[in-house]
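Structure first, commentary second.
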Amino acid sequence: MRLFDIFVSFVFLLILSPLFIFLIFLLKFTGEGEIFFFQERVGYHGVNFKVMKFATMLKNSPNMGSGTITSKNDQRILSVGRFLRKTKINELPQLWNVLRGDMSLIGPRPHAQRDLEGVSDDLLKLIHNVRPGLSGVGSLIFRNEEEILQQFEDPRNFYDSVIAPYKAELEIWYVYNRSFSLYIILLFLTAYVVVLGNNRIVYRLLSGLPVAPTRLVQYL
């Protein structure tokens, strides 16, 4: 799958280069003038790396409010950033992380160390045995994570106690069921969910996924 990652990420970086150039100029002259956002994430075999995104929030946002947890109407999000986040365009620079080998196109989503505090060490070891992904089961199921967190007065607590443990279960399911065919299915599901915004198809097409906690069911 690594050769496939290299080929696809390289081709898409070439195809998307005009869009990238446009966004570089747009971001340079709007908001705080920042173009890219780099954040340390836990990667393959637990080794940290810098994940790359288009800047969508205030520069100091990790040290403000709910930190690395973002809700839909978060005041730290810049005006252009709202569109980039909604469409997931802000994630596209991670194709460079894929090309470099930091990430795969499909895999467990890389998280900041702080966001993994609700997950046991044993589960983390299993998850980190797989290269983290630009997309994956957890990313698709929680396509509307920011909207979910908006419903709670303490989004940080809800994330730590409910979302993070369930995400870990989803990623473990991927680790145990990983195959090239599942990889391809998840690539197509990513395109479908991003374009149509309907993540329920993931549960319909992937059998045996862990059952969502009662507190989450109504939001998924």
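How things are named: the first chain in the structure tokens is A, the next is B, and so on; residues count from 1 in each chain; ligands count from 1 in the order shown.
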
Notebook entry, point to check: Could you pull the residues within 12 Å of A:Ile185, counting only C-alpha atoms, minus those fewer than 4 positions along the same chain, as a list in words?
Noted result: Leu105, Ile106, Ser135, Gly136, Val137, Arg178, Ser179, Phe180, Ser181, Leu189, Thr190, Ala191, Tyr192, Ile201, Val202, Leu205 and Leu206 of chain A

Let's see if you can do this: from backbone DSSP, list all strand (DSSP E) residues in stretch 63-211 of chain A, as a PDB file with C-alpha atoms, in the first residue's frame.
ATOM      1  CA  SER A 104      -1.015   6.843   4.611  1.00  0.00           C
ATOM      2  CA  LEU A 105      -4.097   7.806   2.623  1.00  0.00           C
ATOM      3  CA  ILE A 106      -6.132   5.486   4.871  1.00  0.00           C
ATOM      4  CA  GLY A 133      -4.193   8.131   7.703  1.00  0.00           C
ATOM      5  CA  LEU A 134      -5.451  11.184   5.887  1.00  0.00           C
ATOM      6  CA  SER A 135      -8.843   9.472   6.164  1.00  0.00           C
TER       7      SER A 135
END

Item checked: Surrounding residues of stretch 164-173 of chain A excluding itself and chain neighbours under 2 positions, 8 Å, only C-alpha atoms, as a list in words -> Gly107, Pro108, Asp115, Leu116, Gly118, Val119, Leu123, Leu124, Leu126, Ile127, Gly136, Val137, Gly138, Tyr159, Asp160, Ser161, Val162, Val175, Tyr176, Asn177, Leu209, Pro210, Ala212 and Pro213 of chain A

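Residue nearest A:His128 within the list A:Arg82, A:Arg204, A:His111, A:Lys53: A:His111 [criterion: smallest interatomic distance, only C-alpha atoms].
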
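Around A:Leu220, within 8 Å and counting only C-alpha atoms, the residues found are Ile141, Phe142, Asn199 and Arg200 of chain A, once anything fewer than 5 positions away on its own chain is removed.
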
Output file for the selection above: N, CA and C atoms, as a compact mmCIF listing (two decimals), in the first residue's frame:
# COMPACT_ATOMS: atom_id res chain seq x y z
N ILE A 141 -16.77 8.32 10.31
CA ILE A 141 -17.86 8.27 11.28
C ILE A 141 -18.05 9.62 11.96
N PHE A 142 -16.92 10.29 12.25
CA PHE A 142 -16.99 11.58 12.94
C PHE A 142 -16.79 12.75 11.97
N ASN A 199 -22.55 10.24 6.37
CA ASN A 199 -21.62 9.24 6.88
C ASN A 199 -22.30 7.94 7.33
N ARG A 200 -23.62 7.89 7.28
CA ARG A 200 -24.31 6.67 7.73
C ARG A 200 -24.05 5.49 6.81

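In this model, the gap between atom CA of A:Leu58 and atom CA of A:Phe38 comes to 12.7 Å.
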
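Residues within 10 Å of A:Phe12, counting only C-alpha atoms and excluding same-chain residues fewer than 3 positions away, are Phe7, Val8, Ser9, Ile15, Leu16, Ser17, Leu92, Leu95 and Trp96 of chain A.
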
Notebook entry, point to check: Could you pull out the alpha helix (DSSP H) residues of chain A from DSSP and send them as a ChimeraX atom specification?
Noted result: /A:2-15,17-28,79-87,94-100,121-127,137-141,145-149,155-158,164-177,180-196,200-205,214-217

Check: Near A:Arg41, within 9 Å and counting only C-alpha atoms, which residues show up once chain neighbours fewer than 4 positions away are dropped, as a list in words?
Finding: Val47, Asn48, Phe49, Lys50, Val51, Pro110, His111, Ala112 and Gln113 of chain A

Next item on the list: Mind checking which residues fall within 10 Å of A:Ile24, counting only C-alpha atoms, ignoring those fewer than 6 positions away in the same chain, and posting them as a VMD selection string?
Entry: chain A and resid 18 33 to 36 54 to 55

Just-selected residues, C-alpha atoms written as a JSON list (two decimals), in the first residue's frame:
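Result written to part-v9.json:
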[["chain", "number", "residue", "atom", "x", "y", "z"],
["A", 18, "PRO", "CA", -3.53, 25.35, -9.04],
["A", 33, "GLY", "CA", -1.79, 36.03, 6.93],
["A", 34, "GLU", "CA", -0.81, 32.50, 7.90],
["A", 35, "ILE", "CA", -0.88, 29.92, 5.08],
["A", 36, "PHE", "CA", -0.08, 26.60, 6.70],
["A", 54, "PHE", "CA", -4.09, 25.03, 5.60],
["A", 55, "ALA", "CA", -4.44, 27.60, 8.39]]

Check: Of the candidates A:Lys28, A:Leu140, A:Asp102, A:Arg114, which one gets nearest to A:Leu196 if we count only C-alpha atoms?
Finding: A:Leu140
